[in-house]
file start38.txt (compact mmCIF, C-alpha atoms)
# COMPACT_ATOMS: atom_id res chain seq x y z
CA MET S 1 32.95 -21.82 33.30
CA LEU S 2 31.27 -22.09 29.90
CA LEU S 3 29.79 -18.85 28.58
CA VAL S 4 26.82 -19.35 26.27
CA LEU S 5 25.75 -16.52 24.01
CA THR S 6 22.11 -16.37 22.95
CA VAL S 7 21.96 -15.66 19.22
CA ARG S 8 18.94 -13.66 18.06
CA THR S 9 17.36 -15.35 15.05
CA GLN S 10 15.36 -12.31 13.96
CA SER S 11 16.59 -8.93 12.78
CA LEU S 12 15.11 -5.60 13.77
CA HIS S 13 15.83 -4.27 10.29
CA GLY S 14 13.27 -6.42 8.53
CA PRO S 15 13.78 -8.63 5.49
CA THR S 16 15.77 -7.39 2.52
CA PRO S 17 13.18 -6.60 -0.14
CA VAL S 18 13.23 -8.59 -3.35
CA THR S 19 14.34 -6.20 -6.09
CA THR S 20 13.09 -8.18 -9.09
CA PHE S 21 9.56 -7.23 -10.05
CA GLY S 22 7.63 -9.61 -12.27
CA PRO S 23 9.38 -11.53 -15.05
CA LYS S 24 11.50 -8.70 -16.54
CA ALA S 25 11.83 -5.67 -14.25
CA CYS S 26 14.37 -5.02 -11.52
CA MET S 27 15.88 -2.12 -9.65
CA LEU S 28 19.04 -0.60 -11.09
CA LYS S 29 21.91 -1.34 -8.71
CA ASN S 30 23.81 1.59 -7.30
CA PRO S 31 27.49 0.84 -6.55
CA LYS S 32 27.51 3.69 -4.01
CA ALA S 33 24.75 2.12 -1.88
CA VAL S 34 25.54 2.00 1.83
CA MET S 35 24.58 -1.09 3.91
CA HIS S 36 22.58 -2.38 0.91
CA ILE S 37 20.06 0.45 1.44
CA GLN S 38 19.93 2.82 -1.50
CA ASP S 39 19.32 6.53 -1.29
CA PRO S 40 15.59 6.94 -2.14
CA ALA S 41 16.44 9.50 -4.79
CA SER S 42 18.70 6.99 -6.59
CA GLN S 43 16.17 4.16 -6.97
CA ARG S 44 15.68 3.72 -10.70
CA LEU S 45 13.77 1.20 -12.80
CA THR S 46 15.56 -0.93 -15.36
CA TRP S 47 14.51 -3.83 -17.59
CA ASN S 48 16.39 -7.09 -18.10
CA LYS S 49 14.50 -7.42 -21.39
CA PRO S 50 12.14 -4.98 -23.13
CA PRO S 51 8.64 -5.19 -21.57
CA LYS S 52 6.02 -6.84 -23.75
CA SER S 53 2.94 -7.15 -21.53
CA VAL S 54 0.98 -4.72 -19.36
CA LEU S 55 -1.95 -5.13 -16.99
CA VAL S 56 -4.46 -2.26 -17.13
CA ILE S 57 -6.57 -1.89 -13.98
CA LYS S 58 -9.60 0.34 -14.22
CA LYS S 59 -11.98 1.39 -11.48
CA ILE S 60 -15.20 -0.57 -12.00
CA GLN S 61 -18.47 1.21 -12.89
CA ASP S 62 -16.93 4.64 -13.36
CA VAL S 63 -18.24 6.23 -16.55
CA SER S 64 -15.64 9.01 -16.46
CA LEU S 65 -12.86 6.44 -16.95
CA LEU S 66 -14.24 4.84 -20.11
CA GLN S 67 -12.62 7.26 -22.56
CA PRO S 68 -9.18 7.29 -20.85
CA PHE S 69 -9.30 3.49 -20.67
CA LYS S 70 -10.04 3.15 -24.39
CA GLU S 71 -7.37 5.71 -25.37
CA LEU S 72 -4.73 3.99 -23.25
CA CYS S 73 -5.54 0.50 -24.55
CA ILE S 74 -5.45 1.64 -28.17
CA PHE S 75 -2.10 3.37 -27.54
CA LEU S 76 -0.64 0.23 -25.92
CA THR S 77 -1.80 -2.08 -28.71
CA GLU S 78 -0.27 0.29 -31.27
CA LYS S 79 3.00 -0.14 -29.39
CA LYS S 80 2.65 -3.92 -29.87
CA MET S 81 2.10 -4.50 -26.14
CA ILE S 82 0.11 -7.49 -24.87
CA VAL S 83 -2.69 -5.97 -22.80
CA TYR S 84 -4.20 -7.84 -19.83
CA VAL S 85 -7.60 -6.69 -18.58
CA GLU S 86 -9.84 -8.17 -15.92
CA ARG S 87 -12.87 -9.88 -17.42
CA LYS S 88 -15.40 -7.93 -15.35
CA VAL S 89 -14.03 -4.66 -16.77
CA LEU S 90 -14.92 -5.74 -20.30
CA GLU S 91 -18.38 -6.82 -19.12
CA ASP S 92 -19.28 -3.19 -18.47
CA PRO S 93 -22.16 -2.45 -20.95
CA ALA S 94 -20.53 0.80 -22.05
CA ILE S 95 -17.45 -1.14 -23.19
CA ALA S 96 -19.19 -4.36 -24.30
CA ASN S 97 -21.59 -2.46 -26.60
CA ASP S 98 -19.00 -0.11 -28.10
CA GLU S 99 -18.61 -1.26 -31.72
CA SER S 100 -15.61 1.02 -32.33
CA PHE S 101 -13.72 -0.82 -29.58
CA VAL S 102 -14.45 -4.37 -30.74
CA ALA S 103 -11.31 -4.76 -32.85
CA VAL S 104 -9.09 -3.64 -29.96
CA LYS S 105 -10.80 -5.91 -27.40
CA LYS S 106 -10.10 -8.99 -29.52
CA ASN S 107 -6.40 -8.61 -28.77
CA PHE S 108 -6.85 -8.44 -24.99
CA CYS S 109 -5.87 -11.21 -22.59
CA THR S 110 -8.44 -11.54 -19.81
CA PHE S 111 -8.31 -13.00 -16.31
CA ARG S 112 -10.49 -13.44 -13.22
CA GLU S 113 -9.47 -12.54 -9.70
CA ASP S 114 -8.82 -15.58 -7.44
CA PHE S 115 -9.06 -17.92 -10.45
CA ASP S 116 -6.25 -17.05 -12.88
CA ASP S 117 -2.58 -16.65 -11.95
CA ILE S 118 -0.96 -13.85 -13.98
CA SER S 119 2.05 -13.28 -11.72
CA ASN S 120 4.57 -14.43 -14.36
CA ARG S 121 2.79 -12.99 -17.37
CA VAL S 122 2.67 -9.26 -16.63
CA ASP S 123 5.73 -7.00 -17.04
CA PHE S 124 4.19 -3.86 -15.53
CA ILE S 125 0.87 -2.46 -14.36
CA ILE S 126 -1.06 0.72 -15.19
CA CYS S 127 -3.82 1.83 -12.80
CA LEU S 128 -6.64 4.19 -13.81
CA GLY S 129 -8.60 5.52 -10.83
CA GLY S 130 -7.87 6.40 -7.23
CA ASP S 131 -5.71 4.93 -4.49
CA GLY S 132 -7.97 1.88 -4.33
CA THR S 133 -6.77 0.71 -7.75
CA LEU S 134 -3.18 0.52 -6.46
CA LEU S 135 -4.34 -1.44 -3.39
CA TYR S 136 -6.24 -3.79 -5.66
CA ALA S 137 -3.20 -4.27 -7.90
CA SER S 138 -1.16 -5.20 -4.82
CA SER S 139 -3.75 -7.81 -3.78
CA LEU S 140 -3.48 -9.59 -7.14
CA PHE S 141 0.19 -10.45 -6.54
CA GLN S 142 1.00 -12.36 -3.36
CA GLU S 143 4.71 -12.54 -4.14
CA SER S 144 6.76 -10.50 -6.62
CA VAL S 145 4.84 -7.45 -7.90
CA PRO S 146 5.52 -5.88 -11.32
CA PRO S 147 6.18 -2.10 -11.39
CA VAL S 148 3.00 -0.08 -10.96
CA MET S 149 2.24 3.19 -12.76
CA ALA S 150 -0.82 4.89 -11.22
CA PHE S 151 -2.77 7.69 -12.91
CA HIS S 152 -4.77 10.10 -10.79
CA LEU S 153 -8.35 9.67 -12.02
CA GLY S 154 -10.06 9.17 -8.65
CA SER S 155 -11.02 11.30 -5.67
CA LEU S 156 -7.94 11.56 -3.41
CA GLY S 157 -4.93 10.38 -5.39
CA PHE S 158 -2.29 10.22 -2.66
CA LEU S 159 -0.73 7.11 -4.25
CA THR S 160 -1.41 8.10 -7.87
CA PRO S 161 1.13 10.76 -8.92
CA PHE S 162 0.58 10.79 -12.70
CA ASN S 163 -1.87 13.01 -14.59
CA PHE S 164 -3.48 11.46 -17.64
CA ASP S 165 -3.06 14.51 -19.90
CA THR S 166 0.43 13.46 -20.99
CA TYR S 167 0.05 9.69 -20.63
CA GLN S 168 1.67 8.85 -23.98
CA SER S 169 5.07 10.37 -23.17
CA GLN S 170 4.98 9.12 -19.58
CA VAL S 171 4.15 5.52 -20.52
CA THR S 172 6.80 5.62 -23.23
CA GLN S 173 9.42 6.67 -20.68
CA VAL S 174 8.48 3.75 -18.45
CA ILE S 175 8.70 1.29 -21.35
CA GLU S 176 12.16 2.68 -22.12
CA GLY S 177 13.20 2.20 -18.47
CA ASN S 178 13.51 5.90 -17.73
CA ALA S 179 11.72 6.20 -14.39
CA ALA S 180 12.28 6.47 -10.64
CA ILE S 181 10.62 3.96 -8.33
CA ILE S 182 9.76 3.76 -4.66
CA LEU S 183 9.56 0.41 -2.88
CA ARG S 184 6.41 0.41 -0.77
CA SER S 185 6.77 -2.26 1.90
CA ARG S 186 3.89 -4.65 2.56
CA LEU S 187 2.82 -6.68 5.58
CA LYS S 188 2.75 -10.45 5.51
CA VAL S 189 -0.29 -11.50 7.52
CA LYS S 190 -1.28 -14.97 8.70
CA VAL S 191 -4.57 -15.72 10.44
CA LEU S 192 -4.75 -18.98 12.40
CA LEU S 193 -8.34 -19.99 13.23
CA LEU S 194 -8.49 -22.34 16.22
CA CYS S 195 -12.27 -22.64 15.95
CA PHE S 196 -11.84 -24.42 12.59
CA PHE S 197 -9.39 -26.86 14.18
CA LEU S 198 -11.92 -27.83 16.85
CA PHE S 199 -14.82 -28.04 14.41
CA LEU S 200 -12.98 -30.14 11.84
CA ASN S 201 -10.87 -32.02 14.40
CA SER S 202 -7.91 -31.41 12.12
CA PRO S 203 -4.70 -29.74 13.32
CA SER S 204 -3.37 -29.48 9.77
CA LEU S 205 -5.62 -26.69 8.46
CA PRO S 206 -3.32 -24.12 6.79
CA PRO S 207 -3.44 -20.52 8.04
CA ILE S 208 -5.05 -17.79 5.95
CA SER S 209 -2.30 -15.57 4.55
CA SER S 210 -2.34 -12.23 2.77
CA GLN S 211 -0.04 -9.45 1.58
CA VAL S 212 -1.20 -6.04 2.79
CA LEU S 213 -0.08 -2.66 1.41
CA ASN S 214 -1.87 -0.23 3.73
CA GLU S 215 -3.02 -1.75 6.99
CA VAL S 216 -4.46 -4.59 9.02
CA VAL S 217 -7.41 -3.43 11.15
CA VAL S 218 -8.71 -5.35 14.16
CA ASP S 219 -11.90 -3.85 15.58
CA ARG S 220 -14.98 -4.66 17.66
CA GLY S 221 -17.25 -5.05 14.66
CA PRO S 222 -21.00 -4.73 15.34
CA SER S 223 -20.61 -5.33 19.08
CA SER S 224 -21.36 -2.52 21.55
CA TYR S 225 -18.59 -3.74 23.91
CA LEU S 226 -15.03 -2.52 23.85
CA SER S 227 -12.55 -4.49 21.78
CA ASN S 228 -10.16 -6.30 24.12
CA VAL S 229 -7.12 -7.79 22.37
CA ASP S 230 -3.60 -8.68 23.47
CA LEU S 231 -0.67 -7.40 21.42
CA PHE S 232 2.55 -9.44 21.37
CA LEU S 233 5.91 -8.37 19.95
CA ASP S 234 8.44 -11.13 19.25
CA GLY S 235 6.51 -13.40 21.62
CA HIS S 236 6.30 -10.91 24.50
CA LEU S 237 3.02 -9.33 25.61
CA ILE S 238 3.53 -5.57 25.30
CA THR S 239 0.01 -4.28 25.92
CA THR S 240 -3.71 -4.98 25.84
CA VAL S 241 -5.78 -2.81 23.51
CA GLN S 242 -9.10 -1.76 25.05
CA GLY S 243 -11.10 0.48 22.73
CA ASP S 244 -12.61 0.33 19.27
CA GLY S 245 -9.62 -1.60 17.92
CA VAL S 246 -6.06 -1.30 16.62
CA ILE S 247 -4.45 -0.50 13.25
CA VAL S 248 -1.18 -2.11 12.19
CA SER S 249 0.06 -0.27 9.12
CA THR S 250 2.97 0.13 6.77
CA PRO S 251 4.58 3.54 6.22
CA THR S 252 2.44 3.80 3.07
CA GLY S 253 -0.65 3.13 5.20
CA SER S 254 0.36 5.77 7.75
CA THR S 255 -1.37 8.41 5.61
CA ALA S 256 -4.59 6.38 5.37
CA TYR S 257 -6.75 5.14 8.30
CA ALA S 258 -3.87 5.55 10.75
CA VAL S 259 -3.48 9.30 10.27
CA ALA S 260 -7.23 9.72 10.80
CA ALA S 261 -6.79 7.92 14.14
CA GLY S 262 -4.03 10.30 15.24
CA ALA S 263 -0.85 8.61 14.00
CA SER S 264 2.20 10.31 12.53
CA MET S 265 2.89 10.21 8.80
CA ILE S 266 5.92 8.11 7.84
CA HIS S 267 7.77 8.25 4.53
CA PRO S 268 7.42 4.94 2.64
CA ASN S 269 11.20 4.44 2.55
CA VAL S 270 11.40 4.23 6.35
CA PRO S 271 11.63 0.54 7.42
CA ALA S 272 8.98 0.43 10.14
CA ILE S 273 5.60 -0.86 11.31
CA LEU S 274 3.10 1.58 12.81
CA ILE S 275 0.73 0.54 15.64
CA THR S 276 -2.22 2.87 16.18
CA PRO S 277 -5.09 2.35 18.67
CA ILE S 278 -8.61 3.25 17.54
CA CYS S 279 -10.38 5.34 20.20
CA PRO S 280 -8.52 3.71 23.13
CA HIS S 281 -10.16 3.88 26.56
CA SER S 282 -6.94 5.35 27.94
CA LEU S 283 -5.53 8.87 27.85
CA SER S 284 -1.94 7.60 27.65
CA PHE S 285 -2.20 5.12 24.76
CA ARG S 286 -0.40 6.82 21.89
CA PRO S 287 0.55 5.44 18.44
CA ILE S 288 4.00 3.84 18.32
CA VAL S 289 6.51 2.94 15.60
CA VAL S 290 8.41 -0.38 15.85
CA PRO S 291 11.27 -1.76 13.70
CA ALA S 292 10.31 -3.47 10.47
CA GLY S 293 11.92 -6.76 11.53
CA VAL S 294 9.69 -7.57 14.50
CA GLU S 295 6.88 -10.12 14.53
CA LEU S 296 3.55 -8.93 15.90
CA LYS S 297 0.76 -11.20 17.08
CA ILE S 298 -2.77 -10.18 18.01
CA MET S 299 -5.15 -12.39 20.00
CA LEU S 300 -8.39 -11.91 21.90
CA SER S 301 -7.82 -11.38 25.61
CA ARG S 302 -9.23 -13.93 28.01
CA GLU S 303 -11.42 -11.19 29.49
CA ALA S 304 -12.85 -10.18 26.08
CA ARG S 305 -16.65 -10.06 26.14
CA ASN S 306 -17.03 -10.34 22.37
CA ASN S 307 -15.24 -11.48 19.24
CA ALA S 308 -13.18 -9.15 17.07
CA TRP S 309 -13.12 -8.56 13.32
CA VAL S 310 -10.10 -8.23 11.06
CA SER S 311 -9.76 -6.73 7.58
CA PHE S 312 -6.86 -6.40 5.15
CA ASP S 313 -6.64 -3.12 3.22
CA GLY S 314 -10.39 -2.81 3.82
CA ARG S 315 -11.17 -6.19 2.23
CA LYS S 316 -11.76 -9.85 3.19
CA ARG S 317 -13.26 -8.95 6.55
CA GLN S 318 -13.67 -11.91 8.92
CA GLU S 319 -14.47 -12.70 12.55
CA ILE S 320 -11.81 -13.63 15.10
CA GLY S 321 -12.66 -15.65 18.21
CA HIS S 322 -10.90 -16.88 21.35
CA GLY S 323 -7.80 -18.91 20.50
CA ASP S 324 -7.45 -17.42 17.01
CA SER S 325 -4.31 -15.44 16.25
CA ILE S 326 -3.13 -12.86 13.70
CA THR S 327 0.60 -12.81 12.95
CA ILE S 328 2.06 -9.77 11.18
CA THR S 329 5.57 -9.27 9.81
CA THR S 330 7.16 -7.13 7.11
CA SER S 331 6.96 -8.84 3.72
CA CYS S 332 10.02 -9.24 1.50
CA PHE S 333 7.82 -8.51 -1.55
CA PRO S 334 7.30 -4.73 -1.77
CA VAL S 335 5.23 -2.87 -4.34
CA PRO S 336 7.54 -1.00 -6.77
CA SER S 337 5.56 2.16 -7.40
CA ILE S 338 6.75 4.31 -10.32
CA CYS S 339 7.35 7.94 -9.34
CA PHE S 340 6.45 11.08 -11.24
CA ARG S 341 9.65 12.82 -10.08
CA ASP S 342 11.31 10.93 -7.22
CA PRO S 343 10.25 9.29 -3.92
CA VAL S 344 10.90 12.38 -1.77
CA ASN S 345 9.33 15.11 -3.92
CA ASP S 346 6.32 12.97 -4.82
CA TRP S 347 5.56 12.28 -1.15
CA PHE S 348 5.68 15.90 -0.05
CA GLU S 349 3.68 16.91 -3.10
CA SER S 350 0.97 14.43 -2.08
CA LEU S 351 0.99 15.74 1.50
CA ALA S 352 0.45 19.27 0.25
CA GLN S 353 -2.04 18.58 -2.54
CA CYS S 354 -4.13 15.76 -1.03
CA LEU S 355 -3.97 16.29 2.74
CA HIS S 356 -3.21 20.05 2.73
CA TRP S 357 -0.42 19.43 5.22
CA ASN S 358 0.53 22.54 7.22
CA VAL S 359 -1.67 24.84 5.16
CA ARG S 360 -2.01 28.15 6.98
CA LYS S 361 -2.46 31.77 6.06
CA LYS S 362 0.98 33.36 6.26
CA GLN S 363 1.73 35.89 8.95
CA SER S 364 1.96 39.40 7.56
CA HIS S 365 5.24 41.32 7.66
CA LEU S 366 5.58 44.06 10.26
CA SER S 367 5.67 47.61 8.96
CA SER S 368 8.46 49.97 10.05
CA GLU S 369 6.06 51.82 12.42
CA GLU S 370 4.97 48.55 14.07
CA GLU S 371 8.61 47.52 14.50
CA GLU S 372 9.39 50.83 16.24
CA GLU S 373 6.39 50.39 18.55
CA GLU S 374 7.56 46.87 19.49
CA GLU S 375 11.07 48.17 20.25
CA GLU S 376 9.65 50.91 22.50
CA GLU S 377 7.54 48.34 24.38
CA GLU S 378 10.61 46.18 24.99
CA PHE S 379 12.40 49.10 26.64
call {"tool": "encode", "arguments": {"input": "start38.txt", "output": "structure tokens"}}
result
Amino acid sequence: MLLVLTVRTQSLHGPTPVTTFGPKACMLKNPKAVMHIQDPASQRLTWNKPPKSVLVIKKIQDVSLLQPFKELCIFLTEKKMIVYVERKVLEDPAIANDESFVAVKKNFCTFREDFDDISNRVDFIICLGGDGTLLYASSLFQESVPPVMAFHLGSLGFLTPFNFDTYQSQVTQVIEGNAAIILRSRLKVKVLLLCFFLFLNSPSLPPISSQVLNEVVVDRGPSSYLSNVDLFLDGHLITTVQGDGVIVSTPTGSTAYAVAAGASMIHPNVPAILITPICPHSLSFRPIVVPAGVELKIMLSREARNNAWVSFDGRKRQEIGHGDSITITTSCFPVPSICFRDPVNDWFESLAQCLHWNVRKKQSHLSSEEEEEEEEEEF
């Protein structure tokens, strides 16, 4: 009798992340790494060649960021760095009309989102603003992402560990390669629209793809009916989501929309995908964590009374109809986020400072008289 073994073509552990970031940066290899997975505390940035170019991302239309932006750009140009800035940032009247900044602006390289490809031009990124600036930086790079240094100049700052007060010494350390990094996994998302196939009578229309740092959200949109979508894992139907929708998030995204919907918080170094229902019409539907290597697919159920809507990190929202599908897997292109201390301490610091995790008034110590009274009651 011939015994045939079925070989699984997919791994539950997810793809090995690419550890080269942009044209010059990579992660310092640790010879003591076990199973090719480094200890989070040992992940360090190193440069193959000295960095020469930096992309500065500034929150648009925020007056409070004008002075930090100017100071940083002047500092970088004095260090002979090539500074890339988005064109719409320089179109801000407060910057465009500043005569003292004209000489510095002449040395900038500008680009436009969705028009100019800067993926092989930028050595590292500096973000000025809140968590949204880091999400935006991720969206600009659909493959390898340069190291990202994020300054806390926004409202929440969970993903922005650096304070701007000492920016000169901190940026200098990064340029010298003296920094810890954390690899924030992303989701590779493909949206296949069957309605376009039927309308154009063309089966060759390419799927819409995107790299997502926080989460993919499928919801009921403006409809008053429940969202009714089928959730597949590696080709098998695992459940039907009936409620306001479902969130598929990375560990980084677990502290965003997902935690507000009742999910657990997962450290970014954990290789996993988090599935969280939004207001499910079921008392037993709890958030679940699945291995990073699985492939998820979301489609409208046959019984769905309305279309659904999908968004990627809160952007590019679009309608999903019957026959359309959303495929989600872990990307092999993570976001190398530069740490203030290290991946573990930074995460717990953010939990405490931004989300006030487990903040409670401490229980007072029992006095000697109260202890004696308790002992008497026990007897």
call {"tool": "closest_residue", "arguments": {"input": "start38.txt", "among": "S:Tyr225, S:Phe348, S:Phe333, S:Phe285", "to": "S:Thr16", "atoms": "all atoms listed in the file"}}
result
S:Phe333
call {"tool": "closest_residue", "arguments": {"input": "start38.txt", "among": "S:Leu45, S:Ile57, S:Val189, S:Ile182", "to": "S:Leu28", "atoms": "all atoms listed in the file"}}
result
S:Leu45
call {"tool": "residues_around", "arguments": {"input": "start38.txt", "residues": "S:Asp131", "least_positions_apart": "5", "cutoff": "9 Å", "atoms": "only C-alpha atoms", "output": "compact mmCIF listing (two decimals) with C-alpha atoms, in the frame of the given file"}}
result
# COMPACT_ATOMS: atom_id res chain seq x y z
CA TYR S 136 -6.24 -3.79 -5.66
CA ALA S 150 -0.82 4.89 -11.22
CA HIS S 152 -4.77 10.10 -10.79
CA GLY S 154 -10.06 9.17 -8.65
CA SER S 155 -11.02 11.30 -5.67
CA LEU S 156 -7.94 11.56 -3.41
CA GLY S 157 -4.93 10.38 -5.39
CA PHE S 158 -2.29 10.22 -2.66
CA LEU S 159 -0.73 7.11 -4.25
CA THR S 160 -1.41 8.10 -7.87
call {"tool": "closest_residue", "arguments": {"input": "start38.txt", "among": "S:Leu76, S:Val18, S:Leu128, S:Val216", "to": "S:Ile175", "atoms": "only C-alpha atoms"}}
result
S:Leu76
call {"tool": "closest_atom_pairs", "arguments": {"input": "start38.txt", "of": "stretch 81-188 of chain S", "to": "stretch 288-311 of chain S", "cutoff": "12 Å", "atoms": "only C-alpha atoms", "output": "CSV"}}
result
residue,atom,partner,partner_atom,distance
S:Ser185,CA,S:Ala292,CA,9.4
S:Arg186,CA,S:Ala292,CA,10.3
S:Leu187,CA,S:Ala292,CA,9.5
S:Lys188,CA,S:Glu295,CA,9.9
call {"tool": "residues_around", "arguments": {"input": "start38.txt", "residues": "stretch 83-93 of chain S", "least_positions_apart": "5", "cutoff": "12 Å", "atoms": "only C-alpha atoms", "output": "NGL selection string"}}
result
:S and (51-63 or 65-66 or 69-70 or 72-78 or 98-99 or 101-102 or 104-119 or 121-128 or 136-137 or 140)
call {"tool": "atom_distance", "arguments": {"input": "start38.txt", "atom1": "atom CA of S:Glu143", "atom2": "atom CA of S:Asn48"}}
result
19.0 Å
call {"tool": "axis_aligned_box", "arguments": {"input": "start38.txt", "around": "stretch 339-345 of chain S", "padding_each_side": "5 Å", "output": "JSON"}}
result
{"center_x": 8.9, "center_y": 11.5, "center_z": -6.5, "size_x": 14.9, "size_y": 17.2, "size_z": 19.5}
call {"tool": "atom_distance", "arguments": {"input": "start38.txt", "atom1": "atom CA of S:Asp313", "atom2": "atom CA of S:Lys24"}}
result
27.4 Å
call {"tool": "closest_residue", "arguments": {"input": "start38.txt", "among": "S:Leu233, S:Ile320, S:Ala258, S:Val171", "to": "S:Asp219", "atoms": "all atoms listed in the file"}}
result
S:Ile320
call {"tool": "atom_distance", "arguments": {"input": "start38.txt", "atom1": "atom CA of S:Thr46", "atom2": "atom CA of S:Gly177"}}
result
5.0 Å
call {"tool": "closest_residue", "arguments": {"input": "start38.txt", "among": "S:Val335, S:Leu134, S:Cys26, S:Ile275", "to": "S:Leu153", "atoms": "only C-alpha atoms"}}
result
S:Leu134
call {"tool": "residues_near_point", "arguments": {"input": "start38.txt", "point": "(3.7, 10.7, -13.6)", "cutoff": "12 Å", "atoms": "all atoms listed in the file", "output": "PyMOL selection string"}}
result
chain S and resi 126-127+148-152+157+159-174+178-181+337-343+346
call {"tool": "residues_around", "arguments": {"input": "start38.txt", "residues": "S:Arg315", "least_positions_apart": "3", "cutoff": "12 Å", "atoms": "only C-alpha atoms", "output": "list in words"}}
result
Gly132, Leu135, Tyr136, Ser139, Ser210, Gln211, Val212, Leu213, Asn214, Glu215, Val216, Val217, Trp309, Val310, Ser311, Phe312 and Gln318 of chain S
call {"tool": "closest_residue", "arguments": {"input": "start38.txt", "among": "S:Leu183, S:Met81, S:Ala260, S:Ala94", "to": "S:Pro336", "atoms": "only C-alpha atoms"}}
result
S:Leu183
